[in-house]
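Participant: work.pdb is reproduced below (PDB, C-alpha atoms and all ligand atoms).
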ATOM      1  CA  MET D   1     108.839 101.115 113.715  1.00  0.00           C
ATOM      2  CA  GLN D   2     109.922  98.658 111.090  1.00  0.00           C
ATOM      3  CA  PRO D   3     108.132  99.006 107.758  1.00  0.00           C
ATOM      4  CA  VAL D   4     107.415  95.421 106.884  1.00  0.00           C
ATOM      5  CA  SER D   5     104.743  93.757 104.844  1.00  0.00           C
ATOM      6  CA  ILE D   6     101.865  91.444 105.573  1.00  0.00           C
ATOM      7  CA  VAL D   7     101.833  90.441 101.914  1.00  0.00           C
ATOM      8  CA  PRO D   8     104.884  88.886 100.257  1.00  0.00           C
ATOM      9  CA  THR D   9     104.887  91.121  97.212  1.00  0.00           C
ATOM     10  CA  VAL D  10     102.759  93.577  95.339  1.00  0.00           C
ATOM     11  CA  SER D  11     104.482  93.056  92.020  1.00  0.00           C
ATOM     12  CA  VAL D  12     101.485  91.070  90.840  1.00  0.00           C
ATOM     13  CA  VAL D  13      99.447  94.247  91.185  1.00  0.00           C
ATOM     14  CA  ASP D  14     102.002  96.254  89.250  1.00  0.00           C
ATOM     15  CA  ALA D  15     101.807  93.749  86.445  1.00  0.00           C
ATOM     16  CA  MET D  16      98.020  93.537  86.511  1.00  0.00           C
ATOM     17  CA  ARG D  17      96.947  96.825  85.024  1.00  0.00           C
ATOM     18  CA  ALA D  18      97.476 100.551  85.248  1.00  0.00           C
ATOM     19  CA  ALA D  19      95.881 102.316  88.185  1.00  0.00           C
ATOM     20  CA  ASP D  20      92.327 103.518  87.657  1.00  0.00           C
ATOM     21  CA  GLU D  21      93.325 106.889  88.977  1.00  0.00           C
ATOM     22  CA  THR D  22      96.583 108.544  89.887  1.00  0.00           C
ATOM     23  CA  ILE D  23      96.897 111.860  91.634  1.00  0.00           C
ATOM     24  CA  THR D  24     100.224 113.503  90.951  1.00  0.00           C
ATOM     25  CA  VAL D  25     102.043 116.571  92.181  1.00  0.00           C
ATOM     26  CA  GLY D  26     103.636 119.361  90.203  1.00  0.00           C
ATOM     27  CA  ASP D  27     106.635 117.426  88.986  1.00  0.00           C
ATOM     28  CA  LYS D  28     104.271 114.649  87.864  1.00  0.00           C
ATOM     29  CA  SER D  29     105.447 112.354  90.612  1.00  0.00           C
ATOM     30  CA  PRO D  30     102.633 110.177  91.979  1.00  0.00           C
ATOM     31  CA  TYR D  31     100.843 111.003  95.211  1.00  0.00           C
ATOM     32  CA  ILE D  32      98.105 108.342  95.335  1.00  0.00           C
ATOM     33  CA  SER D  33      97.345 105.580  92.858  1.00  0.00           C
ATOM     34  CA  ARG D  34      94.075 103.716  93.104  1.00  0.00           C
ATOM     35  CA  TRP D  35      92.982 100.359  91.733  1.00  0.00           C
ATOM     36  CA  VAL D  36      89.250  99.870  92.158  1.00  0.00           C
ATOM     37  CA  ILE D  37      88.612  96.231  92.990  1.00  0.00           C
ATOM     38  CA  ARG D  38      84.862  96.240  93.552  1.00  0.00           C
ATOM     39  CA  ARG D  39      81.903  98.547  93.818  1.00  0.00           C
ATOM     40  CA  VAL D  40      78.956  96.966  95.556  1.00  0.00           C
ATOM     41  CA  SER D  41      75.869  99.005  96.443  1.00  0.00           C
ATOM     42  CA  GLY D  42      77.958 102.138  96.515  1.00  0.00           C
ATOM     43  CA  VAL D  43      80.682 100.634  98.679  1.00  0.00           C
ATOM     44  CA  GLN D  44      84.054 100.974  97.047  1.00  0.00           C
ATOM     45  CA  VAL D  45      86.864  98.536  97.654  1.00  0.00           C
ATOM     46  CA  ALA D  46      90.183  99.669  96.252  1.00  0.00           C
ATOM     47  CA  LEU D  47      93.884  99.190  96.552  1.00  0.00           C
ATOM     48  CA  HIS D  48      95.752 102.371  97.380  1.00  0.00           C
ATOM     49  CA  LYS D  49      99.411 103.019  96.745  1.00  0.00           C
ATOM     50  CA  THR D  50     100.485 106.129  98.580  1.00  0.00           C
ATOM     51  CA  ASP D  51     103.760 107.719  97.539  1.00  0.00           C
ATOM     52  CA  ARG D  52     103.576 111.045  99.373  1.00  0.00           C
ATOM     53  CA  SER D  53     102.229 112.416 102.617  1.00  0.00           C
ATOM     54  CA  ASP D  54      98.849 114.173 102.647  1.00  0.00           C
ATOM     55  CA  ASP D  55      98.587 117.935 102.552  1.00  0.00           C
ATOM     56  CA  ASP D  56     100.114 118.899 105.893  1.00  0.00           C
ATOM     57  CA  ARG D  57      98.375 122.270 106.096  1.00  0.00           C
ATOM     58  CA  ALA D  58      95.092 120.849 107.386  1.00  0.00           C
ATOM     59  CA  ARG D  59      93.439 117.587 108.280  1.00  0.00           C
ATOM     60  CA  HIS D  60      90.656 116.382 105.968  1.00  0.00           C
ATOM     61  CA  ASP D  61      87.595 114.167 106.109  1.00  0.00           C
ATOM     62  CA  HIS D  62      85.777 112.013 103.559  1.00  0.00           C
ATOM     63  CA  VAL D  63      82.520 111.528 101.682  1.00  0.00           C
ATOM     64  CA  GLY D  64      81.694 108.330 103.552  1.00  0.00           C
ATOM     65  CA  TRP D  65      82.837 106.081 106.386  1.00  0.00           C
ATOM     66  CA  ASN D  66      86.038 104.325 105.512  1.00  0.00           C
ATOM     67  CA  ILE D  67      88.284 101.499 106.552  1.00  0.00           C
ATOM     68  CA  SER D  68      91.974 101.202 105.786  1.00  0.00           C
ATOM     69  CA  ILE D  69      93.897  97.962 106.098  1.00  0.00           C
ATOM     70  CA  VAL D  70      97.600  98.595 105.804  1.00  0.00           C
ATOM     71  CA  LEU D  71      99.275  95.925 103.703  1.00  0.00           C
ATOM     72  CA  ARG D  72     102.802  97.160 103.312  1.00  0.00           C
ATOM     73  CA  GLY D  73     104.830 100.126 104.491  1.00  0.00           C
ATOM     74  CA  GLY D  74     102.717 102.174 106.860  1.00  0.00           C
ATOM     75  CA  TYR D  75     102.222 105.760 107.888  1.00  0.00           C
ATOM     76  CA  TRP D  76     101.739 108.121 110.774  1.00  0.00           C
ATOM     77  CA  GLU D  77      98.141 109.212 111.104  1.00  0.00           C
ATOM     78  CA  HIS D  78      97.534 112.664 112.567  1.00  0.00           C
ATOM     79  CA  LEU D  79      94.162 112.790 114.284  1.00  0.00           C
ATOM     80  CA  SER D  80      92.354 115.372 116.374  1.00  0.00           C
ATOM     81  CA  ASP D  81      93.934 117.013 119.398  1.00  0.00           C
ATOM     82  CA  GLY D  82      97.481 116.340 118.276  1.00  0.00           C
ATOM     83  CA  VAL D  83      97.124 112.556 118.514  1.00  0.00           C
ATOM     84  CA  VAL D  84      99.516 110.799 116.145  1.00  0.00           C
ATOM     85  CA  LYS D  85      99.400 107.036 115.634  1.00  0.00           C
ATOM     86  CA  TRP D  86     101.672 104.719 113.693  1.00  0.00           C
ATOM     87  CA  ARG D  87      99.723 102.479 111.323  1.00  0.00           C
ATOM     88  CA  GLY D  88     101.911  99.581 110.323  1.00  0.00           C
ATOM     89  CA  PRO D  89     101.158  96.538 108.184  1.00  0.00           C
ATOM     90  CA  GLY D  90      98.180  94.673 109.588  1.00  0.00           C
ATOM     91  CA  SER D  91      96.626  97.807 111.060  1.00  0.00           C
ATOM     92  CA  ILE D  92      92.888  98.082 110.494  1.00  0.00           C
ATOM     93  CA  ILE D  93      91.579 101.619 110.889  1.00  0.00           C
ATOM     94  CA  PHE D  94      87.869 102.423 111.071  1.00  0.00           C
ATOM     95  CA  ARG D  95      86.888 106.039 110.442  1.00  0.00           C
ATOM     96  CA  ARG D  96      83.623 107.909 110.316  1.00  0.00           C
ATOM     97  CA  ALA D  97      83.108 110.171 107.314  1.00  0.00           C
ATOM     98  CA  THR D  98      83.683 113.097 109.663  1.00  0.00           C
ATOM     99  CA  THR D  99      86.914 111.766 111.165  1.00  0.00           C
ATOM    100  CA  LEU D 100      89.573 114.368 110.512  1.00  0.00           C
ATOM    101  CA  HIS D 101      93.016 113.061 109.737  1.00  0.00           C
ATOM    102  CA  ARG D 102      96.083 113.342 107.596  1.00  0.00           C
ATOM    103  CA  LEU D 103      98.633 110.712 106.691  1.00  0.00           C
ATOM    104  CA  GLU D 104     102.370 111.203 106.907  1.00  0.00           C
ATOM    105  CA  LEU D 105     104.689 108.742 105.238  1.00  0.00           C
ATOM    106  CA  PRO D 106     108.024 107.973 106.867  1.00  0.00           C
ATOM    107  CA  LEU D 107     111.084 109.386 105.161  1.00  0.00           C
ATOM    108  CA  LYS D 108     114.264 107.514 104.415  1.00  0.00           C
ATOM    109  CA  ASN D 109     117.206 109.465 103.038  1.00  0.00           C
ATOM    110  CA  GLY D 110     114.767 112.254 102.207  1.00  0.00           C
ATOM    111  CA  GLU D 111     112.469 109.974 100.206  1.00  0.00           C
ATOM    112  CA  TYR D 112     108.925 109.055 101.125  1.00  0.00           C
ATOM    113  CA  GLN D 113     108.460 105.372 101.846  1.00  0.00           C
ATOM    114  CA  THR D 114     105.578 104.015  99.771  1.00  0.00           C
ATOM    115  CA  SER D 115     102.616 102.521 101.587  1.00  0.00           C
ATOM    116  CA  TRP D 116      99.993 100.072 100.277  1.00  0.00           C
ATOM    117  CA  SER D 117      96.538  99.785 101.785  1.00  0.00           C
ATOM    118  CA  LEU D 118      93.220  98.186 101.119  1.00  0.00           C
ATOM    119  CA  TRP D 119      90.592 100.929 101.185  1.00  0.00           C
ATOM    120  CA  ILE D 120      86.903 100.370 101.786  1.00  0.00           C
ATOM    121  CA  ARG D 121      84.687 103.398 101.539  1.00  0.00           C
ATOM    122  CA  GLY D 122      81.068 103.461 102.562  1.00  0.00           C
ATOM    123  CA  PRO D 123      78.267 104.293 100.161  1.00  0.00           C
ATOM    124  CA  PHE D 124      76.852 107.696  99.434  1.00  0.00           C
ATOM    125  CA  ARG D 125      74.043 108.889  97.235  1.00  0.00           C
ATOM    126  CA  LYS D 126      75.381 110.828  94.308  1.00  0.00           C
ATOM    127  CA  SER D 127      72.530 113.319  94.567  1.00  0.00           C
ATOM    128  CA  LYS D 128      73.040 113.786  98.305  1.00  0.00           C
ATOM    129  CA  ARG D 129      76.712 113.185  98.595  1.00  0.00           C
ATOM    130  CA  ARG D 130      78.361 114.344 101.742  1.00  0.00           C
ATOM    131  CA  GLU D 131      80.891 117.026 100.958  1.00  0.00           C
ATOM    132  CA  TRP D 132      84.354 116.397 102.243  1.00  0.00           C
ATOM    133  CA  GLY D 133      86.724 119.111 103.322  1.00  0.00           C
ATOM    134  CA  PHE D 134      89.542 120.414 105.440  1.00  0.00           C
ATOM    135  CA  MET D 135      89.662 121.812 108.965  1.00  0.00           C
ATOM    136  CA  THR D 136      91.543 125.090 108.942  1.00  0.00           C
ATOM    137  CA  LYS D 137      92.803 127.111 111.880  1.00  0.00           C
ATOM    138  CA  GLU D 138      91.583 130.348 110.326  1.00  0.00           C
ATOM    139  CA  HIS D 139      88.112 129.470 109.039  1.00  0.00           C
ATOM    140  CA  GLY D 140      87.146 126.167 110.589  1.00  0.00           C
ATOM    141  CA  TRP D 141      85.905 123.404 108.291  1.00  0.00           C
ATOM    142  CA  LEU D 142      85.874 124.296 104.597  1.00  0.00           C
ATOM    143  CA  ARG D 143      84.473 122.276 101.734  1.00  0.00           C
ATOM    144  CA  SER D 144      87.308 120.893  99.646  1.00  0.00           C
ATOM    145  CA  ASP D 145      86.748 123.131  96.610  1.00  0.00           C
ATOM    146  CA  ILE D 146      86.531 126.258  98.766  1.00  0.00           C
ATOM    147  CA  TYR D 147      89.624 125.214 100.693  1.00  0.00           C
ATOM    148  CA  LEU D 148      91.561 124.682  97.467  1.00  0.00           C
ATOM    149  CA  ASP D 149      90.371 128.033  96.096  1.00  0.00           C
ATOM    150  CA  MET D 150      91.500 129.800  99.242  1.00  0.00           C
ATOM    151  CA  TYR D 151      94.703 127.949 100.007  1.00  0.00           C
ATOM    152  CA  GLY D 152      95.698 126.542  96.628  1.00  0.00           C
ATOM    153  CA  PRO D 153      96.482 122.927  95.912  1.00  0.00           C
ATOM    154  CA  ALA D 154      98.885 121.040  98.103  1.00  0.00           C
ATOM    155  CA  PRO D 155     102.067 121.697  96.428  1.00  0.00           C
ATOM    156  CA  ASN D 156     100.843 121.805  92.833  1.00  0.00           C
ATOM    157  CA  SER D 157      98.821 118.627  93.142  1.00  0.00           C
ATOM    158  CA  LYS D 158      97.192 117.558  89.957  1.00  0.00           C
ATOM    159  CA  ARG D 159      94.605 114.894  89.329  1.00  0.00           C
ATOM    160  CA  LYS D 160      95.136 112.556  86.436  1.00  0.00           C
ATOM    161  CA  LYS D 161      92.233 110.468  85.249  1.00  0.00           C
ATOM    162  CA  GLN D 162      92.852 107.159  83.653  1.00  0.00           C
ATOM    163  CA  ALA D 163      90.532 104.823  81.826  1.00  0.00           C
ATOM    164  CA  SER D 164      89.519 101.873  83.918  1.00  0.00           C
ATOM    165  CA  ARG D 165      89.572  98.314  82.676  1.00  0.00           C
ATOM    166  CA  SER D 166      85.962  98.710  81.553  1.00  0.00           C
ATOM    167  CA  GLY D 167      86.912 101.716  79.462  1.00  0.00           C
ATOM    168  CA  LYS D 168      85.032 104.172  81.641  1.00  0.00           C
ATOM    169  CA  VAL D 169      86.815 107.002  83.283  1.00  0.00           C
ATOM    170  CA  VAL D 170      86.774 106.434  86.994  1.00  0.00           C
ATOM    171  CA  PHE D 171      86.564 109.504  89.118  1.00  0.00           C
ATOM    172  CA  GLN D 172      86.265 109.530  92.851  1.00  0.00           C
ATOM    173  CA  PRO D 173      87.238 112.050  95.476  1.00  0.00           C
ATOM    174  CA  PRO D 174      90.843 111.542  96.407  1.00  0.00           C
ATOM    175  CA  MET D 175      90.236 109.832  99.728  1.00  0.00           C
TER     176      MET D 175
HETATM  177 FE    FE D 201      92.142 110.621 104.134  1.00  0.00          FE
END
As structure tokens, please, write out the structure in this file.

Facilitator:
Amino acid sequence: MQPVSIVPTVSVVDAMRAADETITVGDKSPYISRWVIRRVSGVQVALHKTDRSDDDRARHDHVGWNISIVLRGGYWEHLSDGVVKWRGPGSIIFRRATTLHRLELPLKNGEYQTSWSLWIRGPFRKSKRREWGFMTKEHGWLRSDIYLDMYGPAPNSKRKKQASRSGKVVFQPPM
């Protein structure tokens, strides 16, 4: 496994604008930063910068089908039945909304190795949005808010909203 990139640099993104949303952990260090590129008929296309592994207590699912295209870095994806796959740059991953998974970033000298992905998430009706959640050993699948009430946030995670380029506050579920 050699974390390499299929894009020469992402510095242009850094210089472009602040992320639309950043989820941080207790010490304010970033977990996921999201730049929304397009929203078309409810489909969201975004750039994701992932700086930490997902909550390793349980796998989660999403509000809609989703596709990840790994651009730089990469991660281990933990799927059902103990299957773990390396997703390196160039990987294209198709998931149903109900696909349970969690991402684990590689460590180097005790530091997470940042990963960049293009994220495409399928549409959902706001009034009939599919709830996303976590699969627990003790209680089976739990809606995200119930899971977080019962188990607490993954170590002190904290959502930070940021104004988007249009001035609106963008809020989407974390995945
Ligand atoms: Fe996810």

Participant: Counting only C-alpha atoms and all ligand atoms, figure out which residue out of D:Ile32, D:Ile146, D:Val83, D:Leu71 gets nearest to ligand FE 201 (chain D).

Facilitator: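 Checking each of D:Ile32, D:Ile146, D:Val83, D:Leu71 against ligand FE 201 (chain D), counting only C-alpha atoms and all ligand atoms, the winner is D:Ile32.
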
Participant: Enumerate residues in contact with ligand FE 201 (chain D): an atom-to-atom distance of at most 10 Å, counting all atoms listed in the file. Format the result as a compact mmCIF listing (two decimals) with C-alpha atoms, keeping the file's coordinate frame.

Facilitator:
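Result written to result-v2.txt:
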# COMPACT_ATOMS: atom_id res chain seq x y z
CA ASP D 54 98.85 114.17 102.65
CA ASP D 55 98.59 117.94 102.55
CA ARG D 59 93.44 117.59 108.28
CA HIS D 60 90.66 116.38 105.97
CA ASP D 61 87.60 114.17 106.11
CA HIS D 62 85.78 112.01 103.56
CA VAL D 63 82.52 111.53 101.68
CA ASN D 66 86.04 104.32 105.51
CA SER D 68 91.97 101.20 105.79
CA GLU D 77 98.14 109.21 111.10
CA ARG D 95 86.89 106.04 110.44
CA ALA D 97 83.11 110.17 107.31
CA THR D 99 86.91 111.77 111.16
CA LEU D 100 89.57 114.37 110.51
CA HIS D 101 93.02 113.06 109.74
CA ARG D 102 96.08 113.34 107.60
CA LEU D 103 98.63 110.71 106.69
CA TRP D 132 84.35 116.40 102.24
CA PRO D 174 90.84 111.54 96.41
CA MET D 175 90.24 109.83 99.73

Participant: Go through D:Ile67, D:Val36, D:Gly73, D:Asn109 and flag the residue nearest Phe94 in chain D, using all atoms listed in the file for the distances.

Facilitator: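 Of all the options, D:Ile67 lies closest to Phe94 in chain D.
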
Participant: Check which residues satisfy the PyMOL selection byres (((chain D and resi 87) around 10) and not hetatm) in the file shown, then give them as a short mmCIF file (atom, residue, chain, number, x, y, z; two decimals) with C-alpha atoms, in the coordinates of the input.

Facilitator:
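Produced file part_6.cif, reproduced below:
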data_model
loop_
_atom_site.label_atom_id
_atom_site.label_comp_id
_atom_site.auth_asym_id
_atom_site.auth_seq_id
_atom_site.Cartn_x
_atom_site.Cartn_y
_atom_site.Cartn_z
CA MET D 1 108.84 101.12 113.72
CA PRO D 3 108.13 99.01 107.76
CA SER D 68 91.97 101.20 105.79
CA ILE D 69 93.90 97.96 106.10
CA VAL D 70 97.60 98.60 105.80
CA GLY D 73 104.83 100.13 104.49
CA GLY D 74 102.72 102.17 106.86
CA TYR D 75 102.22 105.76 107.89
CA TRP D 76 101.74 108.12 110.77
CA GLU D 77 98.14 109.21 111.10
CA VAL D 84 99.52 110.80 116.14
CA LYS D 85 99.40 107.04 115.63
CA TRP D 86 101.67 104.72 113.69
CA GLY D 88 101.91 99.58 110.32
CA PRO D 89 101.16 96.54 108.18
CA GLY D 90 98.18 94.67 109.59
CA SER D 91 96.63 97.81 111.06
CA ILE D 92 92.89 98.08 110.49
CA ILE D 93 91.58 101.62 110.89
CA LEU D 103 98.63 110.71 106.69
#

Participant: Which of these, D:Ala58, D:Trp35, D:Glu21, D:Lys108, has the shortest distance to Tyr147 in chain D once you count all atoms listed in the file?

Facilitator: D:Ala58

Participant: Contacts of Gly122 in chain D at 6 Å or less, counting all atoms listed in the file, minus same-chain residues fewer than 6 places along, as a list of chain:residue names?

Facilitator: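 Near Gly122 in chain D, the qualifying residues are D:Val43, D:Gly64, D:Trp65, D:Asn66.
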
Participant: Could you give me, as a list in words, the residues within 9 Å of Ala46 in chain D, counting only C-alpha atoms and dropping anything in the same chain fewer than 4 positions from it?

Facilitator: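 Residues meeting the cut-off are Arg34, Trp35, Val36, Ile37, Arg38, Arg39, Ser117, Leu118, Trp119, Ile120 and Arg121 of chain D.
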
Participant: Between D:Ala154, D:Leu79, D:Ala18, D:Leu105, which one has atoms that come closest to Asp51 in chain D, using all atoms listed in the file?

Facilitator: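 Result for the nearest residue to Asp51 in chain D: D:Leu105.
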
Participant: Step by step, work through what the PyMOL selection byres (((chain D and resi 136) around 9) and not hetatm) selects in the shown file, and finish by giving those residues as a PyMOL selection string.

Facilitator: chain D and resi 57-59+134-135+137-142+147

Participant: Mind giving me the axis-aligned box for range 138-155 of chain D with 5 Å on every side, centre plus edges in Å to one decimal, as AutoDock Vina command-line options?

Facilitator:
--center_x 93.3 --center_y 125.6 --center_z 103.3 --size_x 27.6 --size_y 19.5 --size_z 24.7

Participant: What is the distance between CA of Ser115 in chain D and CA of Thr50 in chain D, in Å to one decimal?

Facilitator: 5.2 Å

Participant: Could you tell me how far CA of Lys49 in chain D sits from CA of Tyr31 in chain D, in Å to one decimal place?

Facilitator: 8.3 Å

Participant: What separation in Å, quoted to one decimal, exists between CA of Gln44 in chain D and CA of Arg17 in chain D?

Facilitator: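 Separating CA of Gln44 in chain D from CA of Arg17 in chain D is a distance of 18.1 Å.
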